Amino acid sequence: MKDLAPIDAFFDEATQTVTYLLADAATRQAVVIDPVLDYDHASGEASTASADRVLDAARQAGLAIAWVLETHVHADHLSAAPYIKQRTGARVGIGEYVRQVQNVFRPIFNLESVSGDGSEFDRLFSDGDVLAIGSLAVEVIHTPGHTPACVSYKIGDAVFVGDTLFMPDYGTARADFPGGCPQGLYRSIRRLLALPGHTRLYMCHDYKAPGRDTYAWETTVALQRMHNVHVHDGVTEDQFVAMRRQRDATLSAPRLMLPSIQVNIRAGRWPQAEANGVHYLKIPMRSAGSALS
């Protein structure tokens with residue numbers, strides 16, 4: 001696509017997450033997709049090193065970042081959206097069903113400060129919305145299943161699919177989080193795979209499937225349809241749902257799920273600092289007995 005400048009990908013190995021920087025070649029207006037905040041769970045310390053790499057690349061290329069787009073409420077890393085917004089004035093957008101995600105997790109963490117209406121974000125996208133980045137048209141595709149709020153962003157022949165799909169040799173996202181749905185995930189994937197075969201698909205994560213020694217995050221619709229180990233052509237919805245349920249039952253919670261969810265449903269904002277100037281996250285604790293109560 002002649003209006004789309006080359007896409008820059010920034011891989012964070014600690015969370016195996018890919019952040020994307022892309023721009024309109026003519027106007028130099030840019031968008032960042034799924035930015036990562038560096039966070040060490042053992043110490044509770046955060047840094048902006050990964051986000052600064054993106055900002056430095058934008059500055060060196062003469063780009064003005066207008067939007068930060070989240071594909072969903074991430075459960076495996078904290079978002080750097082507020083930092084990029086502070087540094088650039090960019091607006092932050094996500095799918096409109098983030099309201100549902102907020103209202104699922106707000107009582108789990110007892111977060112009275114979370115709105116439940118998505119107002120922490122600058123814009124909530126509906127399926128089919130089109131966002132202008134300079135002369136680029138960014139089409140929003142609602143792709144629920146992994147979470148209710150998942151969206152993919154289509155720009156010309158490039159689609160940023162979030163956690164809906166992984167590389168063909170790794171398969172597909174889990175669908176057992178609250179609000180997840182394997183049937184919905186299958187239908188979202190088939191919607192994406194109905195696009196022309198040459199369409200480029202950009203993943204949000206890569207975990208190096210067994211036998212592969214390098215990370216990868218770009219593939220095509222045609223390659224997914226031929227080779228995806230979970231959902232290649234010929235796999236029925238019933239077969240996919242049975243596989244997904246069996247596989248999801250063996251998966252543990254993501255390492256950063258508890259901090260990530262309660263930050264990311266706030267559009268990446270931390271809880272308000274307490275009197276000592278320190279921010280605190282919550283860890284829900286439950287006991288099968290009464291001895292620890």
# chains A, B, ... in the order shown; residues from 1 in each chain; ligands from 1

$ residues_around --residues "range 215-227 of chain A" --least-positions-apart "5" --cutoff "6 Å" --atoms "only C-alpha atoms" --output "tab-separated table (two decimals) with C-alpha atoms, in the first residue's frame"
chain	number	residue	atom	x	y	z
A	168	PRO	CA	0.60	-20.90	11.93
A	193	LEU	CA	-9.31	-15.78	6.98
A	197	GLY	CA	-4.88	-14.68	0.66
A	198	HIS	CA	-2.12	-12.08	0.26
A	199	THR	CA	-3.38	-10.07	3.26
A	200	ARG	CA	-0.58	-9.65	5.79
A	201	LEU	CA	-1.42	-10.64	9.37
A	202	TYR	CA	0.58	-9.21	12.27
A	203	MET	CA	0.54	-11.06	15.60
A	208	LYS	CA	8.51	-19.87	19.22
A	232	HIS	CA	-6.49	-24.54	8.98
A	233	ASP	CA	-9.03	-25.02	6.23

$ residues_around --residues "Asp169 in chain A" --least-positions-apart "6" --cutoff "10 Å" --atoms "only C-alpha atoms" --output "JSON, numbers by chain"
{"A": [208, 209, 210, 211, 212, 224, 227, 228, 229, 230]}

$ atom_distance --atom1 "CA of Ala5 in chain A" --atom2 "CA of Met167 in chain A"
23.4 Å

$ residues_around --residues "Val36 in chain A" --least-positions-apart "4" --cutoff "9 Å" --atoms "only C-alpha atoms" --output "PyMOL selection string"
chain A and resi 12+15+17-19+48+50-51+77-81

$ closest_atom_pairs --of "range 178-212 of chain A" --to "range 96-117 of chain A" --cutoff "12 Å" --atoms "only C-alpha atoms" --output "Markdown table"
| residue | atom | partner | partner_atom | distance |
| --- | --- | --- | --- | --- |
| A:Pro178 | CA | A:Val104 | CA | 7.2 |
| A:Gly179 | CA | A:Val101 | CA | 7.4 |
| A:Gly180 | CA | A:Val101 | CA | 10.1 |

$ atom_distance --atom1 "CA of Val31 in chain A" --atom2 "CA of Ala64 in chain A"
8.4 Å

$ atom_distance --atom1 "CA of Val231 in chain A" --atom2 "CA of Tyr153 in chain A"
20.6 Å

$ residues_around --residues "Val54 in chain A" --least-positions-apart "3" --cutoff "12 Å" --atoms "only C-alpha atoms" --output "ChimeraX atom specification"
/A:7-12,18-22,30-37,48-51,57-61,63-65,68,80-81,83-84,87-88

$ closest_residue --among "A:Leu256, A:Leu55, A:Ile141, A:Ile283" --to "Asp40 in chain A" --atoms "only C-alpha atoms"
A:Leu256

$ closest_residue --among "A:Ser252, A:Gln272, A:Ser188, A:Thr27" --to "Asp176 in chain A" --atoms "only C-alpha atoms"
A:Ser252

$ residues_around --residues "His72 in chain A" --least-positions-apart "3" --cutoff "8 Å" --atoms "only C-alpha atoms" --output "list in words"
Ile94, Gly95, Val98, Thr147, Ala149, Cys150, Val151 and Gly162 of chain A

$ write_last_selection --atoms "C-alpha atoms" --output "compact mmCIF listing (two decimals), in the first residue's frame"
# COMPACT_ATOMS: atom_id res chain seq x y z
CA ILE A 94 -10.03 0.20 22.17
CA GLY A 95 -13.09 -1.85 21.24
CA VAL A 98 -14.21 -3.06 27.01
CA THR A 147 -12.01 -11.62 25.14
CA ALA A 149 -13.50 -6.62 23.56
CA CYS A 150 -10.95 -7.92 21.06
CA VAL A 151 -10.65 -5.98 17.82
CA GLY A 162 -4.07 -8.98 18.59

$ closest_residue --among "A:Ser135, A:Ser287, A:Gln86, A:Ser119" --to "Asp24 in chain A" --atoms "only C-alpha atoms"
A:Ser135

$ closest_residue --among "A:Leu258, A:Ile189, A:Leu69, A:Ala25" --to "Met285 in chain A" --atoms "only C-alpha atoms"
A:Leu258

$ residues_around --residues "Pro259 in chain A" --least-positions-apart "3" --cutoff "10 Å" --atoms "only C-alpha atoms" --output "ChimeraX atom specification"
/A:39,41,44,75-78,255-256,262-264,270,280-283

$ write_last_selection --atoms "all heavy atoms" --output "compact mmCIF listing (two decimals), in the first residue's frame"
# COMPACT_ATOMS: atom_id res chain seq x y z
N TYR A 39 7.67 -4.07 33.27
CA TYR A 39 7.25 -4.23 34.66
C TYR A 39 7.85 -5.49 35.23
O TYR A 39 7.70 -6.59 34.66
CB TYR A 39 5.72 -4.29 34.74
CG TYR A 39 5.18 -4.63 36.12
CD1 TYR A 39 5.26 -3.70 37.15
CD2 TYR A 39 4.62 -5.87 36.37
CE1 TYR A 39 4.79 -4.01 38.42
CE2 TYR A 39 4.13 -6.18 37.63
CZ TYR A 39 4.22 -5.25 38.65
OH TYR A 39 3.74 -5.56 39.90
N HIS A 41 7.53 -7.95 38.14
CA HIS A 41 6.53 -8.30 39.15
C HIS A 41 7.17 -8.60 40.50
O HIS A 41 6.57 -8.35 41.56
CB HIS A 41 5.72 -9.50 38.66
CG HIS A 41 4.45 -9.72 39.40
ND1 HIS A 41 3.65 -8.69 39.84
CD2 HIS A 41 3.81 -10.87 39.79
CE1 HIS A 41 2.59 -9.18 40.46
NE2 HIS A 41 2.67 -10.50 40.44
N GLY A 44 8.02 -5.03 41.76
CA GLY A 44 7.01 -4.00 41.62
C GLY A 44 7.50 -2.76 40.90
O GLY A 44 6.83 -1.73 40.89
N ALA A 75 -3.74 -9.44 29.26
CA ALA A 75 -3.57 -10.12 30.54
C ALA A 75 -2.12 -10.55 30.77
O ALA A 75 -1.84 -11.21 31.76
CB ALA A 75 -4.47 -11.35 30.61
N ASP A 76 -1.21 -10.13 29.87
CA ASP A 76 0.16 -10.62 29.97
C ASP A 76 1.20 -9.50 30.01
O ASP A 76 2.39 -9.76 30.12
CB ASP A 76 0.47 -11.56 28.82
CG ASP A 76 -0.11 -11.07 27.50
OD1 ASP A 76 -0.15 -9.83 27.31
OD2 ASP A 76 -0.54 -11.89 26.69
N HIS A 77 0.75 -8.27 29.88
CA HIS A 77 1.68 -7.15 30.05
C HIS A 77 0.88 -5.90 30.40
O HIS A 77 -0.31 -5.81 30.12
CB HIS A 77 2.51 -6.90 28.78
CG HIS A 77 1.72 -6.38 27.62
ND1 HIS A 77 1.12 -7.21 26.69
CD2 HIS A 77 1.40 -5.11 27.23
CE1 HIS A 77 0.50 -6.48 25.78
NE2 HIS A 77 0.65 -5.19 26.09
N LEU A 78 1.55 -4.94 31.01
CA LEU A 78 0.94 -3.65 31.31
C LEU A 78 1.10 -2.75 30.10
O LEU A 78 2.13 -2.78 29.42
CB LEU A 78 1.59 -3.00 32.54
CG LEU A 78 1.10 -3.48 33.91
CD1 LEU A 78 1.46 -4.95 34.15
CD2 LEU A 78 1.70 -2.61 35.02
N ARG A 255 1.44 -15.06 33.88
CA ARG A 255 2.24 -14.62 35.04
C ARG A 255 1.86 -13.21 35.50
O ARG A 255 1.84 -12.93 36.70
CB ARG A 255 3.73 -14.68 34.66
CG ARG A 255 4.68 -14.26 35.77
CD ARG A 255 6.12 -14.46 35.33
NE ARG A 255 6.44 -13.68 34.15
CZ ARG A 255 6.92 -12.44 34.18
NH1 ARG A 255 7.12 -11.83 35.33
NH2 ARG A 255 7.20 -11.80 33.06
N LEU A 256 1.55 -12.33 34.56
CA LEU A 256 1.25 -10.94 34.92
C LEU A 256 -0.24 -10.63 34.85
O LEU A 256 -0.63 -9.46 34.78
CB LEU A 256 2.02 -9.98 34.00
CG LEU A 256 3.53 -10.02 34.11
CD1 LEU A 256 4.17 -9.01 33.16
CD2 LEU A 256 3.99 -9.75 35.54
N GLN A 262 -5.97 -5.24 36.07
CA GLN A 262 -6.49 -4.10 36.82
C GLN A 262 -5.89 -2.77 36.38
O GLN A 262 -6.49 -1.72 36.60
CB GLN A 262 -6.33 -4.31 38.33
CG GLN A 262 -4.93 -4.58 38.82
CD GLN A 262 -4.91 -4.96 40.29
OE1 GLN A 262 -5.37 -4.22 41.16
NE2 GLN A 262 -4.39 -6.15 40.57
N VAL A 263 -4.75 -2.81 35.70
CA VAL A 263 -4.19 -1.59 35.10
C VAL A 263 -4.79 -1.35 33.73
O VAL A 263 -5.20 -0.23 33.40
CB VAL A 263 -2.65 -1.70 35.02
CG1 VAL A 263 -2.07 -0.62 34.12
CG2 VAL A 263 -2.04 -1.61 36.41
N ASN A 264 -4.88 -2.38 32.92
CA ASN A 264 -5.28 -2.19 31.52
C ASN A 264 -6.75 -1.88 31.34
O ASN A 264 -7.13 -1.25 30.35
CB ASN A 264 -4.87 -3.42 30.70
CG ASN A 264 -3.36 -3.55 30.60
OD1 ASN A 264 -2.63 -2.58 30.79
ND2 ASN A 264 -2.88 -4.75 30.31
N TRP A 270 -2.32 3.61 36.39
CA TRP A 270 -2.14 2.96 37.68
C TRP A 270 -3.19 3.46 38.67
O TRP A 270 -3.76 4.54 38.49
CB TRP A 270 -0.75 3.28 38.23
CG TRP A 270 0.37 2.70 37.45
CD1 TRP A 270 0.31 2.01 36.26
CD2 TRP A 270 1.75 2.74 37.80
NE1 TRP A 270 1.55 1.64 35.85
CE2 TRP A 270 2.46 2.07 36.77
CE3 TRP A 270 2.47 3.29 38.86
CZ2 TRP A 270 3.85 1.92 36.80
CZ3 TRP A 270 3.84 3.14 38.90
CH2 TRP A 270 4.52 2.46 37.87
N TYR A 280 -0.46 1.08 44.66
CA TYR A 280 -0.64 -0.30 45.09
C TYR A 280 -1.65 -1.02 44.20
O TYR A 280 -2.71 -0.48 43.87
CB TYR A 280 -1.13 -0.35 46.55
CG TYR A 280 -0.09 0.12 47.54
CD1 TYR A 280 -0.02 1.46 47.92
CD2 TYR A 280 0.83 -0.77 48.09
CE1 TYR A 280 0.94 1.90 48.83
CE2 TYR A 280 1.79 -0.35 49.00
CZ TYR A 280 1.83 1.00 49.37
OH TYR A 280 2.79 1.42 50.26
N LEU A 281 -1.30 -2.24 43.82
CA LEU A 281 -2.21 -3.12 43.10
C LEU A 281 -2.78 -4.14 44.08
O LEU A 281 -2.21 -4.38 45.15
CB LEU A 281 -1.48 -3.84 41.96
CG LEU A 281 -0.95 -2.94 40.86
CD1 LEU A 281 -0.04 -3.73 39.92
CD2 LEU A 281 -2.10 -2.31 40.08
N LYS A 282 -3.90 -4.75 43.70
CA LYS A 282 -4.57 -5.69 44.59
C LYS A 282 -4.35 -7.13 44.10
O LYS A 282 -4.27 -7.39 42.91
CB LYS A 282 -6.07 -5.41 44.63
CG LYS A 282 -6.44 -4.06 45.23
CD LYS A 282 -7.95 -3.89 45.27
CE LYS A 282 -8.33 -2.58 45.94
NZ LYS A 282 -9.82 -2.42 46.01
N ILE A 283 -4.27 -8.05 45.07
CA ILE A 283 -4.22 -9.47 44.76
C ILE A 283 -5.39 -10.14 45.47
O ILE A 283 -5.40 -10.24 46.70
CB ILE A 283 -2.89 -10.11 45.23
CG1 ILE A 283 -1.70 -9.43 44.53
CG2 ILE A 283 -2.90 -11.62 44.95
CD1 ILE A 283 -0.36 -9.96 44.97

$ select_by_dssp --residues "range 33-211 of chain A" --states "helix (DSSP H, G or I)" --output "ChimeraX atom specification"
/A:49-61,81-88,98-109,182-193

$ select_by_dssp --residues "range 121-245 of chain A" --states "strand (DSSP E)" --output "count of residues only"
28

$ residues_around --residues "Asp248 in chain A" --least-positions-apart "3" --cutoff "7 Å" --atoms "only C-alpha atoms" --output "PyMOL selection string"
chain A and resi 174+176+244-245+251

$ write_last_selection --atoms "all heavy atoms" --output "JSON list (two decimals), in the first residue's frame"
[["chain", "number", "residue", "atom", "x", "y", "z"],
["A", 174, "ARG", "N", -6.13, -18.62, 23.59],
["A", 174, "ARG", "CA", -7.02, -19.30, 24.53],
["A", 174, "ARG", "C", -8.36, -18.56, 24.58],
["A", 174, "ARG", "O", -8.43, -17.37, 24.24],
["A", 174, "ARG", "CB", -6.38, -19.35, 25.92],
["A", 174, "ARG", "CG", -6.19, -18.00, 26.57],
["A", 174, "ARG", "CD", -5.24, -18.08, 27.77],
["A", 174, "ARG", "NE", -5.79, -18.91, 28.84],
["A", 174, "ARG", "CZ", -5.06, -19.30, 29.91],
["A", 174, "ARG", "NH1", -3.78, -18.95, 30.02],
["A", 174, "ARG", "NH2", -5.60, -20.04, 30.85],
["A", 176, "ASP", "N", -10.63, -19.09, 27.46],
["A", 176, "ASP", "CA", -11.20, -19.45, 28.76],
["A", 176, "ASP", "C", -11.18, -18.32, 29.78],
["A", 176, "ASP", "O", -11.54, -18.53, 30.94],
["A", 176, "ASP", "CB", -10.49, -20.67, 29.33],
["A", 176, "ASP", "CG", -9.00, -20.44, 29.58],
["A", 176, "ASP", "OD1", -8.41, -19.59, 28.85],
["A", 176, "ASP", "OD2", -8.43, -21.08, 30.47],
["A", 244, "ARG", "N", -10.03, -26.48, 21.66],
["A", 244, "ARG", "CA", -9.73, -25.31, 22.46],
["A", 244, "ARG", "C", -10.08, -25.54, 23.93],
["A", 244, "ARG", "O", -9.32, -25.17, 24.83],
["A", 244, "ARG", "CB", -10.51, -24.12, 21.89],
["A", 244, "ARG", "CG", -10.09, -22.73, 22.27],
["A", 244, "ARG", "CD", -8.72, -22.34, 21.79],
["A", 244, "ARG", "NE", -7.71, -22.59, 22.79],
["A", 244, "ARG", "CZ", -6.41, -22.52, 22.57],
["A", 244, "ARG", "NH1", -5.95, -22.21, 21.36],
["A", 244, "ARG", "NH2", -5.54, -22.77, 23.52],
["A", 245, "ARG", "N", -11.22, -26.17, 24.18],
["A", 245, "ARG", "CA", -11.61, -26.44, 25.56],
["A", 245, "ARG", "C", -10.64, -27.41, 26.24],
["A", 245, "ARG", "O", -10.27, -27.22, 27.39],
["A", 245, "ARG", "CB", -13.04, -26.98, 25.59],
["A", 245, "ARG", "CG", -14.09, -25.90, 25.36],
["A", 245, "ARG", "CD", -15.49, -26.47, 25.35],
["A", 245, "ARG", "NE", -16.49, -25.41, 25.29],
["A", 245, "ARG", "CZ", -17.76, -25.58, 24.92],
["A", 245, "ARG", "NH1", -18.18, -26.81, 24.57],
["A", 245, "ARG", "NH2", -18.59, -24.56, 24.90],
["A", 251, "LEU", "N", -3.98, -24.95, 30.71],
["A", 251, "LEU", "CA", -3.18, -23.73, 30.77],
["A", 251, "LEU", "C", -3.29, -23.05, 32.13],
["A", 251, "LEU", "O", -4.37, -22.96, 32.70],
["A", 251, "LEU", "CB", -3.63, -22.76, 29.67],
["A", 251, "LEU", "CG", -3.53, -23.27, 28.23],
["A", 251, "LEU", "CD1", -4.08, -22.23, 27.26],
["A", 251, "LEU", "CD2", -2.10, -23.64, 27.87]]
